[in-house]
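Novice: My structure is stored as run.csv, with CSV, C-alpha atoms.
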```csv
chain,number,residue,atom,x,y,z
A,269,MET,CA,26.7,7.6,-1.1
A,270,PRO,CA,26.2,7.0,-4.9
A,271,GLU,CA,26.0,10.1,-7.0
A,272,ILE,CA,22.6,11.0,-8.4
A,273,THR,CA,23.0,11.3,-12.2
A,274,ALA,CA,19.5,10.8,-13.6
A,275,LEU,CA,16.1,12.3,-12.9
A,276,LEU,CA,13.1,10.2,-14.1
A,277,PHE,CA,9.8,12.2,-14.5
A,278,ASP,CA,6.4,10.7,-14.7
A,279,CYS,CA,4.4,12.6,-17.3
A,280,ASP,CA,0.7,12.9,-16.4
A,281,ASN,CA,0.1,15.4,-13.6
A,282,THR,CA,3.8,15.6,-12.9
A,283,LEU,CA,5.0,17.4,-16.0
A,284,VAL,CA,1.7,18.3,-17.5
A,285,LEU,CA,-1.9,18.7,-16.2
A,286,SER,CA,-3.3,15.9,-18.3
A,287,GLU,CA,-5.1,13.5,-16.0
A,288,GLU,CA,-8.4,15.3,-15.9
A,289,LEU,CA,-8.4,15.9,-19.6
A,290,ALA,CA,-7.4,12.4,-20.4
A,291,PHE,CA,-10.0,10.8,-18.2
A,292,GLU,CA,-12.7,13.0,-19.6
A,293,ALA,CA,-11.8,11.9,-23.1
A,294,CYS,CA,-11.8,8.2,-22.3
A,295,ALA,CA,-14.9,8.0,-20.0
A,296,GLY,CA,-17.3,7.8,-23.0
A,297,LEU,CA,-15.3,4.9,-24.6
A,298,ILE,CA,-15.2,3.0,-21.3
A,299,ASN,CA,-18.9,3.4,-20.9
A,300,GLU,CA,-19.5,2.1,-24.5
A,301,ILE,CA,-17.2,-0.9,-23.8
A,302,CYS,CA,-19.2,-1.7,-20.6
A,303,ALA,CA,-22.6,-1.3,-22.3
A,304,GLU,CA,-21.6,-3.6,-25.2
A,305,ARG,CA,-21.0,-6.3,-22.6
A,306,GLY,CA,-24.2,-5.8,-20.6
A,307,LEU,CA,-22.5,-4.0,-17.7
A,308,ASP,CA,-24.8,-1.4,-16.2
A,309,ILE,CA,-22.3,1.1,-15.0
A,310,HIS,CA,-21.5,4.6,-15.9
A,311,PHE,CA,-18.2,6.4,-15.4
A,312,THR,CA,-17.4,10.1,-15.6
A,313,GLY,CA,-13.9,11.6,-15.9
A,314,GLU,CA,-14.0,12.3,-12.2
A,315,THR,CA,-15.0,8.7,-11.1
A,316,LEU,CA,-12.5,7.2,-13.5
A,317,ILE,CA,-9.7,9.2,-11.8
A,318,VAL,CA,-10.8,7.9,-8.4
A,319,GLU,CA,-10.7,4.3,-9.5
A,320,PHE,CA,-7.8,4.2,-12.0
A,321,VAL,CA,-5.4,7.1,-11.5
A,322,GLY,CA,-1.9,6.1,-12.5
A,323,GLN,CA,-3.0,3.3,-14.8
A,324,ASN,CA,-2.9,3.5,-18.6
A,325,PHE,CA,-5.9,2.6,-20.6
A,326,ARG,CA,-4.8,-1.0,-21.1
A,327,GLY,CA,-4.5,-1.3,-17.3
A,328,MET,CA,-7.9,0.2,-16.8
A,329,LEU,CA,-9.5,-2.4,-19.2
A,330,THR,CA,-7.6,-5.2,-17.5
A,331,SER,CA,-8.9,-4.0,-14.1
A,332,LEU,CA,-12.4,-3.8,-15.5
A,333,GLN,CA,-12.3,-7.4,-16.7
A,334,SER,CA,-11.1,-8.6,-13.3
A,335,ARG,CA,-13.4,-6.4,-11.2
A,336,TYR,CA,-16.6,-6.8,-13.2
A,337,GLY,CA,-16.1,-10.2,-14.9
A,338,ILE,CA,-16.4,-8.9,-18.5
A,339,GLU,CA,-14.3,-10.3,-21.3
A,340,ILE,CA,-12.3,-8.2,-23.9
A,341,SER,CA,-10.6,-10.1,-26.7
A,342,PRO,CA,-7.0,-9.3,-27.6
A,343,GLN,CA,-8.2,-7.9,-30.9
A,344,ASP,CA,-10.7,-5.6,-29.2
A,345,MET,CA,-8.1,-4.6,-26.6
A,346,GLU,CA,-5.8,-3.3,-29.3
A,347,LYS,CA,-8.7,-1.6,-31.1
A,348,TYR,CA,-9.8,0.2,-27.9
A,349,VAL,CA,-6.3,1.2,-26.9
A,350,LEU,CA,-5.8,2.9,-30.3
A,351,ALA,CA,-9.2,4.6,-30.1
A,352,GLU,CA,-8.4,5.9,-26.6
A,353,GLU,CA,-5.0,7.2,-27.7
A,354,ASP,CA,-6.7,9.2,-30.6
A,355,ALA,CA,-9.4,10.7,-28.3
A,356,VAL,CA,-7.0,11.7,-25.6
A,357,ILE,CA,-4.4,13.2,-27.9
A,358,ALA,CA,-7.0,15.3,-29.6
A,359,LYS,CA,-8.2,16.5,-26.1
A,360,LEU,CA,-4.7,17.3,-24.9
A,361,LYS,CA,-3.8,19.2,-28.1
A,362,GLU,CA,-6.8,21.5,-27.3
A,363,ALA,CA,-6.2,22.4,-23.7
A,364,LEU,CA,-3.0,20.9,-22.2
A,365,ARG,CA,-0.9,23.0,-19.8
A,366,PRO,CA,2.3,22.3,-17.9
A,367,CYS,CA,2.2,21.7,-14.1
A,368,PRO,CA,2.9,25.0,-12.3
A,369,GLY,CA,6.6,25.7,-11.9
A,370,VAL,CA,7.9,22.7,-13.7
A,371,ASP,CA,9.2,24.5,-16.7
A,372,ASP,CA,11.4,26.8,-14.6
A,373,GLU,CA,12.8,23.7,-12.9
A,374,LEU,CA,13.4,21.8,-16.1
A,375,GLU,CA,15.2,24.9,-17.5
A,376,ARG,CA,17.4,25.1,-14.4
A,377,LEU,CA,18.2,21.4,-14.4
A,378,ALA,CA,19.0,21.4,-18.1
A,379,ALA,CA,21.3,24.4,-17.7
A,380,SER,CA,23.2,22.7,-14.9
A,381,GLU,CA,24.1,19.7,-17.1
A,382,GLU,CA,24.3,17.6,-14.0
A,383,TYR,CA,21.6,15.2,-14.7
A,384,LEU,CA,20.2,13.0,-17.5
A,385,LEU,CA,16.5,14.0,-17.8
A,386,SER,CA,14.1,11.3,-18.8
A,387,VAL,CA,10.3,10.7,-18.9
A,388,VAL,CA,9.0,7.3,-17.6
A,389,SER,CA,5.2,7.0,-18.1
A,390,SER,CA,2.4,4.4,-18.2
A,391,SER,CA,0.8,6.3,-21.0
A,392,ALA,CA,1.2,5.4,-24.7
A,393,LEU,CA,4.4,6.8,-26.2
A,394,ARG,CA,2.4,8.7,-28.9
A,395,ARG,CA,0.4,10.5,-26.1
A,396,VAL,CA,3.5,11.2,-24.0
A,397,ARG,CA,5.4,12.8,-26.9
A,398,ALA,CA,2.3,14.8,-28.0
A,399,SER,CA,2.0,16.1,-24.4
A,400,ILE,CA,5.5,17.3,-23.9
A,401,GLU,CA,5.6,18.7,-27.4
A,402,LYS,CA,2.3,20.6,-26.9
A,403,VAL,CA,3.8,22.5,-23.8
A,404,GLY,CA,7.3,22.9,-25.3
A,405,GLN,CA,9.0,20.5,-22.9
A,406,ASP,CA,10.3,18.2,-25.6
A,407,LYS,CA,13.5,20.2,-25.8
A,408,TYR,CA,14.5,18.9,-22.4
A,409,PHE,CA,14.1,15.3,-23.4
A,410,GLN,CA,16.1,14.8,-26.6
A,411,GLY,CA,17.0,11.3,-27.9
A,412,ASP,CA,15.9,7.9,-26.6
A,413,VAL,CA,14.9,9.1,-23.1
A,414,VAL,CA,11.1,8.9,-23.2
A,415,PHE,CA,9.6,5.6,-22.1
A,416,SER,CA,6.1,4.2,-22.1
A,417,ALA,CA,4.9,1.1,-20.2
A,418,ALA,CA,2.2,0.8,-22.9
A,419,THR,CA,4.5,1.1,-25.9
A,420,SER,CA,8.2,0.7,-25.1
A,421,LEU,CA,8.1,-2.8,-23.7
A,422,GLU,CA,7.9,-6.1,-25.6
A,423,THR,CA,4.9,-7.0,-23.4
A,424,PRO,CA,2.8,-3.9,-22.7
A,425,THR,CA,2.1,-3.3,-19.0
A,426,SER,CA,1.2,-0.5,-16.7
A,427,LYS,CA,2.5,0.9,-13.4
A,428,PRO,CA,2.7,-0.3,-10.6
A,429,ASP,CA,4.6,-3.0,-12.5
A,430,PRO,CA,8.3,-1.8,-12.2
A,431,ALA,CA,9.1,-3.2,-15.7
A,432,ILE,CA,9.1,0.3,-17.4
A,433,TYR,CA,11.5,1.7,-14.8
A,434,LEU,CA,13.8,-1.3,-15.2
A,435,HIS,CA,13.7,-0.9,-18.9
A,436,ALA,CA,14.4,2.8,-18.8
A,437,MET,CA,17.4,2.3,-16.5
A,438,LYS,CA,18.8,-0.5,-18.7
A,439,THR,CA,18.4,1.7,-21.8
A,440,LEU,CA,19.9,4.7,-20.1
A,441,GLY,CA,22.8,2.7,-18.6
A,442,LYS,CA,21.8,3.7,-15.0
A,443,LYS,CA,21.5,1.9,-11.7
A,444,PRO,CA,18.7,2.5,-9.3
A,445,GLU,CA,20.9,4.2,-6.8
A,446,GLU,CA,21.9,6.8,-9.4
A,447,CYS,CA,18.2,7.8,-10.1
A,448,VAL,CA,15.5,9.8,-8.5
A,449,ALA,CA,11.9,9.5,-9.8
A,450,ILE,CA,9.1,12.0,-9.4
A,451,GLU,CA,5.6,10.5,-9.2
A,452,ASP,CA,2.1,11.8,-8.3
A,453,SER,CA,0.2,8.5,-8.0
A,454,ARG,CA,0.3,5.4,-5.8
A,455,SER,CA,0.8,3.1,-8.8
A,456,GLY,CA,3.7,5.2,-10.1
A,457,THR,CA,5.3,5.4,-6.7
A,458,LEU,CA,5.1,1.7,-6.3
A,459,SER,CA,6.5,1.1,-9.7
A,460,GLY,CA,9.6,3.3,-8.9
A,461,THR,CA,10.2,1.9,-5.5
A,462,ARG,CA,9.8,-1.7,-6.7
A,463,ALA,CA,12.5,-0.9,-9.2
A,464,GLY,CA,14.7,0.2,-6.3
A,465,ILE,CA,14.6,3.9,-7.2
A,466,THR,CA,14.3,6.8,-4.7
A,467,VAL,CA,10.9,8.4,-5.3
A,468,VAL,CA,9.7,11.9,-4.6
A,469,GLY,CA,5.9,12.1,-4.2
A,470,TYR,CA,4.3,15.1,-5.9
A,471,VAL,CA,0.9,16.3,-4.7
A,472,GLY,CA,0.7,19.7,-6.4
A,473,PRO,CA,-2.1,18.9,-8.9
A,474,TYR,CA,-4.5,17.5,-6.3
A,475,PRO,CA,-7.2,19.7,-4.8
A,476,ASP,CA,-6.2,21.2,-1.4
A,477,GLU,CA,-8.8,19.1,0.4
A,478,LYS,CA,-7.2,15.9,-1.0
A,479,LYS,CA,-3.5,16.8,-0.6
A,480,ALA,CA,-3.1,15.4,3.0
A,481,GLU,CA,-4.7,12.1,2.0
A,482,MET,CA,-2.5,11.8,-1.1
A,483,GLU,CA,0.6,12.6,1.0
A,484,GLU,CA,-0.2,9.6,3.1
A,485,VAL,CA,-1.0,7.4,0.1
A,486,LEU,CA,2.3,8.2,-1.6
A,487,ARG,CA,4.4,7.8,1.6
A,488,ASN,CA,2.8,4.4,2.2
A,489,ALA,CA,3.7,3.5,-1.4
A,490,GLY,CA,7.3,4.3,-0.7
A,491,ALA,CA,7.9,8.0,-1.5
A,492,VAL,CA,10.8,9.2,0.7
A,493,ILE,CA,9.6,12.8,0.7
A,494,ILE,CA,6.6,14.8,-0.4
A,495,MET,CA,6.7,17.8,-2.7
A,496,GLN,CA,3.9,20.3,-2.8
A,497,GLU,CA,5.3,22.6,-5.5
A,498,TRP,CA,8.1,22.4,-8.0
A,499,VAL,CA,9.9,25.3,-6.4
A,500,GLU,CA,10.8,22.9,-3.6
A,501,PHE,CA,12.6,20.4,-5.8
A,502,PRO,CA,16.2,21.9,-5.6
A,503,GLU,CA,16.1,21.6,-1.8
A,504,ILE,CA,14.5,18.2,-1.9
A,505,LEU,CA,17.2,16.9,-4.3
A,506,LYS,CA,19.9,18.4,-2.1
A,507,LYS,CA,18.5,16.4,0.9
A,508,ILE,CA,18.4,13.2,-1.1
A,509,LYS,CA,22.0,13.6,-2.3
A,510,ALA,CA,23.1,14.3,1.3
A,511,GLY,CA,21.3,11.2,2.5
A,512,GLU,CA,19.0,13.2,4.8
A,513,VAL,CA,15.8,11.5,3.7
```
So that I can check it, write out the structure of this file as C-alpha cells.

Specialist:
Amino acid sequence: MPEITALLFDCDNTLVLSEELAFEACAGLINEICAERGLDIHFTGETLIVEFVGQNFRGMLTSLQSRYGIEISPQDMEKYVLAEEDAVIAKLKEALRPCPGVDDELERLAASEEYLLSVVSSSALRRVRASIEKVGQDKYFQGDVVFSAATSLETPTSKPDPAIYLHAMKTLGKKPEECVAIEDSRSGTLSGTRAGITVVGYVGPYPDEKKAEMEEVLRNAGAVIIMQEWVEFPEILKKIKAGEV
C-alpha cells in the first residue's frame, strides 16, 4: 500500500470555527444583492449555512444565479467577492477560535516530521491566511502549502470541483494515494474524493442533533471514515495506513 506522506486540511470548521461567523458576515451582502435585482428573499447566517455550506462566496453567487434566475455581471461578481472578503476577515479577526483539539494534533503531526501539512480551501486565500494566523496555526503551514479554490487557480472555482485538490497535489508533488484529506462538508468531501484522495469526514463542529445526519451525508459523498473529535485522528490515520478502512 502506498505510503501516506501528505495531510490536506480544509480550513473552515475543520481547522477553525469560522463557518458561522463567515455566514453571519456575508448574509447582509447577499440580501443586498438579491434586493437590487428584485428578488424578495432574505437570508440569515443560519439559513445561508443550510443552503451553501462548503461553497465559497463566488460559488454562492453562482448558485443564486442558477436557482433564482438573477444576473450578476463579471464586474459586479469581482466587486462583491472583494467586499465579502473584507467583511468576513474583519469578523474573523474579532472572534475566530480553533476547532477543539486540532492545535494539539497539529503540534503532534509537526513534531513527528512524517507528513507534509497543507491547507486546501474553497475560501479566498486572504481569508484562509488571516484565519490560520489569527489562531496561531500558520507556523504549521509554512511555504507554498496553502491553497484556495477562489484564488490559487487560473479560473476561480469552488468545491465540489476537484480542481483545487488537483492543483495542490501538483504543486506539492504528491499523488492522490499519498494523501489524506480532512473535510467537514459534502462539497469538500466530494472535491477530495473526485480528485482520488482518501477523505476523513469531520463532524465535530455540528450540533449534536445534526451529527448523525452529517455522518450519513459525508459517507455518501465518499468519506471513508467519520471523525467526531480531533483526538481520534491518530487512530484513524493508523487505520487508513494499514488499509483497514

Novice: Hey, which of A:Ala417, A:Val396, A:Cys367, A:Leu285 ends up closest to Gln496 (chain A)? Count only C-alpha atoms.

Specialist: A:Cys367

Novice: Env of Ser331 (chain A): 12 Å cut, atoms = all atoms listed in the file, seq-sep filter 3 positions within chain, self excluded. Answer as a list in words.

Specialist: Ile298, Leu316, Glu319, Phe320, Val321, Gln323, Asn324, Phe325, Arg326, Gly327, Met328, Ser334, Arg335, Tyr336, Gly337, Ile338, Glu339, Ile340 and Ser426 of chain A

Novice: Tell me, as a PyMOL selection string, which residues lie within 12 Å of region 368-385 of chain A, counting only C-alpha atoms; anything in the same chain fewer than 4 positions away does not count.

Specialist: chain A and resi 271-279+281-285+400+403-415+436-437+440-442+446-450+470-473+496-503+505

Novice: Counting all atoms listed in the file, figure out which residue out of A:Leu307, A:Ala293, A:Ile508, A:Val318 gets nearest to Ala358 (chain A).

Specialist: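 Going through A:Leu307, A:Ala293, A:Ile508, A:Val318 one by one, the smallest distance to Ala358 (chain A) is for A:Ala293.
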
Novice: Give the answer as one residue: which of A:Ile301, A:Val513, A:Ala480, A:Leu332 has the shortest atom-to-atom distance to Val467 (chain A), using all atoms listed in the file?

Specialist: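 Result for the nearest residue to Val467 (chain A): A:Val513.
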